[in-house]
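*Asks:* Mind having a look at this structure? Questions to follow.
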Amino acid sequence: MTAVTAGEPVPHHENLETVFRRQRTGVVLLLVADVAFVGSLVFSYFYLRGLNTEGGWLAKDMSIAPIWEGWALAGGLVVSAAVYYWGQVGLTRDNNVRQLKTATALATFVVLLDAVGQVAQLVSLPFGVQDSSYASEMYVIAGAGLFHLLLALFIGVGMWNRSRIGKYSASDPFQVRIVGIWWTWIAIAAVVTAFTTSFVASPNHIVGG
Amino acid sequence: MSEAMVKLGASPEVDHGGGWMRRLNLGTAIAGGVILGAIGWFFAHHFTDSTDPRVSDQVTLITLACWAIGFMVGIGAFNGPIRWLTGRDQTHADEMFLAGKDQGVSRYFRFTTDHKVVGIQYLVATMLLLGCGGTLAMMIRTQLITPHSTFLGPQTYNSIVGLHGIIMIIATIIMVTGPFGNFILPIMIGARDMAFPRLNALSFWLLAAAIPVLLSAGFMGGIPTGWSGYAPLADQAPPGMDGYLMAIIIFAISSAVAGANITTTVLTMRARGMTWNRTPIFIYGTVASVGLALPALPMFMSAQVLLAVDRTVSGKFYDAAGGGSPWLYQNLFWLFGHPEVYVILVPAVIALMELTPVFARKPLYNFNAAVLGIVGIVGLSVMVWAHHMYASGWAPDLNGPFMLTTEMISVPTGVLFLVVIGTIWRGKIWTTIPMMATYAMLWNFIIGGVTGIYLSDVPADYDLHGSMFVTAHFHYTLMGAGLTGAIGALFYWFPKMTGRMLSHKLGLVSFWMVQIGFNVVFLGMFAVGLAGQPRRVFTYDHMFAVGNFVSSIGAYVIGLGMLVLLYTVISGWRRGPIAPSNPWGGKTLEWAVPNPIPLENFEVLPVVISDAYGYGEGDVSPGHWVEPAEPLEPAHAGAGAPDVETSTVPLQEGRAE
């Protein structure tokens with residue numbers, strides 16, 4: 001490769017827009033891994049449900065988890081993501097740091113409520129993890145949701161604190177936008193898992209499910 | 001480091017004083033891991049139900065998880081997130097400290113963010129893993145040297161086979177993208193560091209946390225399932241299986257972080273003028289590998305999370321009696337497992353493709369075909385996983401389609417072969433160890449590839465599945481092509497990574513011992529496999545005695561060759577001849593930076609104005625060859641001699657102009 005040097009030294013610190021694009025790419029790629037993980041949980045749910053091995057997807061006379069719970073938790077995250085986005089727009093359009101601070105506080109509070117709800121769901125499921133493959137799936141999907149929520153809680157507290165001490169402005173909204181990608185993804189993941197767990201009964205009745 | 005770079009990189013904030021966070025290192029990491037692991041063990045031991053048959057798995061998993069968290073706390077992995085949370089962002093002085101500026105050898109034992117340090121750390125970790133896995137291989141072959149050897153018992157043999165397999169898989173996944181993807185790749189694209197230096201360090205230290213976890217499996221009943229960890233056997237295995245699954249979970253996170261980092265670096269930080277047509281082929285190979293691993297390893301991770309639930313709280317994912325299915329594990333495993341073959345192979349083969357033009361003094365033959373070959377392999381590799389499951393009875397109707405996609409993948413693989421052969425063809429060959437590795441790869445990979453086509457064929461697979469034939473096949477691909485490629489890459493880039501040359505003579509001894517030993521082992525294994533010897537069985541019939549004896553002798557020759565290689569590397573690193581900055585006359589950008597490489601690689605970022613493979617295009621100037629201390633004469637001195645001065649403008653000289 002033939003290479004020549006630039007006429008003058010490239011500035012040591014790159015401009016924020018360049019750094020933002022790079023960080024956005026990185027976050028999206030990390031989300032690819034998370035999408036693959038959540039996707040494989042969804043795959044395993046539908047696979048075992050469809051297979052209904054020995055009719056054991058649902059044990060005989062087994063109660064199922066209320067479907068509305070998953071949707072309520074997903075709804076909470078959608079609301080949280082929307083509130084966060086409201087704060088992000090306030091910052092990027094109007095340099096309204098106060099709006100961002102309020103939004104991150106509210107969004108984080110909703111996430112906290114969601115996390116409490118997720119724990120409540122886990123401890124109140126009307127079956128044990130060992131009762132059937134459906135039961136095992138429900139616990140793992142709920143656990144994965146809780147993991148997302150705890151991460152979001154950490155990030156949310158950080159965003160609120162950093163907006164409180166003036167780390168962000170209309171000229172430097174990039175981290176806010178990157179966190180917005182994460183927030184949107186966990187809301188989507190919650191909707192996808194709520195949708196998944198809405199399908200309970202196995203379509204495979206031949207085996208006896 | 002050059003003076004100019006010191007001035008550029010330094011700031012008035014530089015301060016090596018205070019802050020306990022700056023005192024964290026490998027010692028505090030181990031202490032943190034042991035302390036938190038002990039706390040975890042104590043609580044797990046006292047708060048779990050001792051009558052539960054799963055209690056040992058619960059205690060083991062909690063202890064290992066606590067070890068990993070404690071280790072990461074102790075190395076300082078959480079410092080950045082905590083400072084971010086509290087709004088106290090790291091200063092430039094902190095970043096310089098994290099980059100290991102002026103820290104000498106101690107920076108290799110810290111959470112250092114400099115990609116060159118991380119590359120060396122990966123190199124040492126790879127050698128450690130290969131050493132462990134290789135020692136276990138010697139034990140396996142010693143057991144199999146006679147039909148009814150009592151060297152190992154059946155349980156120990158099974159455990160060692162499993163441990164050998166998974167250690168080698170992890171080692172080969174990281175052996176190119178770890179050391180060279182971290183050390184060489186950023187310089188090759190003209191960048192000052194990786195896109196996310198802290199994630200870079202995180203990926204390595206996660207691996208470092210996972211290694212003891214994996215090795216601990218050997219002391220907790222081992223991994224009796226083979227490296228694949230198939231359920232439902234894994235559900236019933238001793239606590240060693242918990243070490244396996246926890247190591248996989250940590251390694252998957254490490255790989256995801258590394259994959260996102262390397263891919264982002266290539267996508268966003270290539271030098272000005274480095275269009276995709278001017279991007280060296282090694283970059284494509286590395287991105288293909290980590291890009292494949294990015295979605296593949298989380299699926300393996302999810303398989304292990306489900307296994308953990310089965311093992312610790314009697315989940316029913318893989319238990320057919322409770323509505324689960326072992327096929328679920330097999331699907332998740334092979335959705336990772338077959339792309340993983342190419343995660344290992346592609347960067348190793350492409351590393352050899354990168355260096356072949358250098359030693360053939362010819363442009364890479366058909367760059368576009370090489371890129372298309374890589375793209376074809378990546379695309380098809382996610383559509384072939386079920387060829388591992390023909391004999392399992394899963395979805396027989398899909399056997400045909402999977403046979404077709406598997407056989408199709410030989411087409412882009414063949415294209416890569418043609419590119420390498422076309423590059424060598426009528427070249428003025430300079431026969432160095434890296435170039436010999438290219439020849440060896442062609443030989444071994446042909447055998448591995450052709451036998452793979454047999455195994456992709458459903459009727460043949462029904463006969464050969466579970467036999468030593470399969471073992472020989474995948475060793476020909478992963479070791480014969482993969483490891484050979486990594487060794488070639490090591491000899492090629494070692495002078496840039498350490499500033500010292502490796503001994504050519506010792507390299508030759510090692511090369512021939514390993515290659516001859518390798519072919520003796522695995523051609524013998526093909527023979528006994530075809531004759532019907534099953535794999536993963538610690539005894540065998542007398543009819544297989546000769547083949548196994550020959551294989552074991554070959555294995556010892558490999559072992560000796562690897563010891564010679566280890567000695568070559570260690571002695572070369574300590575007191576090898578000082579390497580010139582461009583000993584091979586390479587044209588990619590890593591050869592344009594001086595030895596030792598400045599902290600941030602380039603004082604002035606380069607601008608690329610042509611492709612990387614303009615060898616032998618009228619710019620030959622043998623008089624400018626920098627004579628290394630080692631005898632490195634080209635086979636055809638003169639026309640074949642490198643053309644370092646005219647092809648690559650060293651950056652500082654360029655600036656002076």
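Going through the structure tokens in order, the chains are called A, B, and so on, while each chain numbers its residues from 1 and the ligands are numbered from 1 in the order shown.
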Show me, as number ranges by chain, the residues that have an atom within 10 Å of Thr286 in chain B when counting only C-alpha atoms, minus same-chain residues fewer than 4 positions from it.
*Replies:* B: 176-178, 180-181, 185, 259, 262-263, 266, 281-282, 290-292, 343-344, 346-348, 350-351
*Asks:* Can you list every residue in range 366-540 of chain B that DSSP puts in helix (DSSP H, G or I), as an NGL selection string?
*Replies:* :B and (367-381 or 385-388 or 390-392 or 396-408 or 410-424 or 433-456 or 458-464 or 468-498 or 504-530)
*Asks:* Write out as CSV the residues of chain B that have any atom within 7 Å of an atom of chain A, one row each with the nearest atom pair and its distance in Å to one decimal, counting only C-alpha atoms, sorted by chain and then rising number.
*Replies:*
```
residue,atom,partner,partner_atom,distance
B:Trp84,CA,A:Gly158,CA,6.9
B:Leu85,CA,A:Gly158,CA,4.2
B:Thr86,CA,A:Gly158,CA,6.7
B:Gly87,CA,A:Arg162,CA,5.4
B:Ala256,CA,A:Ala33,CA,6.2
B:Val257,CA,A:Leu30,CA,6.8
B:Ala260,CA,A:Leu29,CA,5.2
B:Asn261,CA,A:Gly26,CA,6.4
B:Thr264,CA,A:Gly26,CA,5.5
B:Thr268,CA,A:Arg22,CA,6.0
B:Leu294,CA,A:Ala33,CA,5.5
B:Pro295,CA,A:Ala33,CA,4.9
B:Pro298,CA,A:Phe37,CA,5.0
B:Met299,CA,A:Phe37,CA,5.7
B:Ser302,CA,A:Phe37,CA,6.1
B:Val313,CA,A:Gln130,CA,6.8
B:Ser314,CA,A:Gln130,CA,5.1
B:Gly315,CA,A:Gln130,CA,4.7
B:Lys316,CA,A:Ser133,CA,4.8
B:Phe317,CA,A:Ser133,CA,5.5
B:Ala320,CA,A:Thr53,CA,6.0
B:Ala321,CA,A:Glu54,CA,6.8
B:Gly322,CA,A:Ser132,CA,5.1
B:Gly323,CA,A:Gly56,CA,3.6
B:Gly324,CA,A:Ser133,CA,5.4
B:Ser325,CA,A:Thr53,CA,6.8
B:Leu328,CA,A:Ser44,CA,6.7
B:Lys587,CA,A:Met1,CA,4.5
B:Thr588,CA,A:Met1,CA,5.1
B:Leu589,CA,A:Met1,CA,7.0
B:Val604,CA,A:Pro9,CA,5.0
B:Leu605,CA,A:Val10,CA,6.4
B:Pro606,CA,A:Thr5,CA,4.6
B:Val607,CA,A:Val4,CA,5.5
B:Val608,CA,A:Ala3,CA,4.8
B:Ile609,CA,A:Thr2,CA,6.1
B:Ser610,CA,A:Thr2,CA,5.7
B:Asp611,CA,A:Met1,CA,5.3
B:Ala612,CA,A:Met1,CA,3.6
B:Tyr613,CA,A:Met1,CA,6.2
B:Gly614,CA,A:Met1,CA,6.7
B:Ser647,CA,A:Thr2,CA,5.9
B:Thr648,CA,A:Thr2,CA,5.3
B:Val649,CA,A:Ala3,CA,6.0
B:Leu651,CA,A:Thr5,CA,6.1
B:Gly654,CA,A:Thr5,CA,5.8
B:Arg655,CA,A:Thr5,CA,6.0
```
*Asks:* Would you mind listing what lies within 6 Å of Ala99 in chain B as a PyMOL selection string, with only C-alpha atoms counted and same-chain residues fewer than 5 positions away left out?
*Replies:* chain B and resi 112-114
*Asks:* Let me see the file: selected residues, all heavy atoms, as an mmCIF file, in the first residue's frame.
*Replies:*
```
data_model
loop_
_atom_site.group_PDB
_atom_site.id
_atom_site.type_symbol
_atom_site.label_atom_id
_atom_site.label_comp_id
_atom_site.auth_asym_id
_atom_site.auth_seq_id
_atom_site.Cartn_x
_atom_site.Cartn_y
_atom_site.Cartn_z
ATOM 1 N N THR B 112 -5.443 -2.325 30.890
ATOM 2 C CA THR B 112 -4.820 -1.377 29.972
ATOM 3 C C THR B 112 -5.594 -1.330 28.659
ATOM 4 O O THR B 112 -5.978 -2.365 28.120
ATOM 5 C CB THR B 112 -3.360 -1.789 29.716
ATOM 6 O OG1 THR B 112 -2.695 -1.859 30.969
ATOM 7 C CG2 THR B 112 -2.657 -0.801 28.818
ATOM 8 N N THR B 113 -5.784 -0.140 28.145
ATOM 9 C CA THR B 113 -6.644 0.020 26.981
ATOM 10 C C THR B 113 -5.890 0.082 25.655
ATOM 11 O O THR B 113 -6.513 -0.007 24.602
ATOM 12 C CB THR B 113 -7.487 1.306 27.113
ATOM 13 O OG1 THR B 113 -6.583 2.407 27.290
ATOM 14 C CG2 THR B 113 -8.443 1.226 28.284
ATOM 15 N N ASP B 114 -4.575 0.220 25.686
ATOM 16 C CA ASP B 114 -3.812 0.291 24.439
ATOM 17 C C ASP B 114 -3.999 -1.011 23.664
ATOM 18 O O ASP B 114 -3.722 -2.096 24.180
ATOM 19 C CB ASP B 114 -2.335 0.518 24.772
ATOM 20 C CG ASP B 114 -1.474 0.621 23.512
ATOM 21 O OD1 ASP B 114 -2.049 0.622 22.404
ATOM 22 O OD2 ASP B 114 -0.238 0.688 23.648
#
```
*Asks:* Can you list, as a list in words, every protein, DNA or RNA residue that comes within 9 Å of Ala115 in chain A when you count only C-alpha atoms, leaving out same-chain residues fewer than 6 positions away?
*Replies:*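 Residues near the query, excluding close chain neighbours: Leu73, Gly145, Leu146, Phe147, Leu149, Leu150 and Leu153 of chain A.
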*Asks:* CA of Arg192 in chain B to CA of Ala271 in chain B: how many Å, to one decimal?
*Replies:*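 Taking CA of Arg192 in chain B and CA of Ala271 in chain B, their separation equals 9.9 Å.
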*Asks:* Using only C-alpha atoms, find the one residue out of B:Trp512, B:Phe538, B:Tyr476, B:Phe219 that sits nearest to Met525 in chain B.
*Replies:*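 Once distances to Met525 in chain B are computed over only C-alpha atoms, the minimum belongs to B:Tyr476.
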*Asks:* Applying 9 Å and only C-alpha atoms, which residues near Thr471 in chain B remain after dropping the ones on its own chain fewer than 4 positions away? List them as a list in words.
*Replies:*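 The contact residues come out as Gly466, Ser467, His475, Tyr476, Phe522, Met525, Phe526, Gly529 and Arg535 of chain B.
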*Asks:* I'd like the contact shell of range 171-173 of chain A - 12 Å cut-off, only C-alpha atoms, skipping same-chain residues fewer than 5 positions apart - returned as a list in words.
*Replies:*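 That gives Asn15, Leu16, Glu17, Thr18, Val19, Phe20, Gly87, Gln88, Val89, Gly90, Leu91, Thr92, Arg93, Asp94, Asn95, Asn96, Val97, Leu100, Met159, Arg162, Ser163, Gly166, Ile178, Val179 and Gly180 of chain A.
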*Asks:* What lies within 6 Å of range 481-490 of chain B using only C-alpha atoms, ignoring chain neighbours under 2 positions off, as a tab-separated table (two decimals) with C-alpha atoms, in the first residue's frame?
*Replies:*
```tsv
chain	number	residue	atom	x	y	z
B	176	VAL	CA	-6.08	-14.74	15.14
B	345	LEU	CA	-11.04	-20.68	9.82
B	348	ALA	CA	-6.54	-17.78	9.79
B	349	VAL	CA	-6.80	-18.54	6.09
B	352	LEU	CA	-2.15	-16.34	5.07
B	434	PRO	CA	4.83	-17.76	6.94
B	437	ALA	CA	2.45	-22.12	6.44
B	441	MET	CA	-2.64	-24.77	4.87
B	444	ASN	CA	-4.27	-29.68	5.06
B	445	PHE	CA	-7.34	-27.70	4.15
B	477	THR	CA	-9.76	-27.90	9.18
B	478	LEU	CA	-9.38	-26.31	12.60
B	479	MET	CA	-5.79	-27.31	13.29
B	492	TYR	CA	4.86	-12.79	9.98
B	493	TRP	CA	3.76	-10.18	12.52
B	494	PHE	CA	5.98	-11.12	15.44
```
*Asks:* Have a look at CA of Phe46 in chain A and CA of Asp61 in chain A and let me know their distance in Å, one decimal.
*Replies:*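 Interatomic distance here is 20.9 Å.
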*Asks:* Mind pulling up the distance from CA of Phe204 in chain B to CA of Tyr329 in chain B?
*Replies:* 27.7 Å
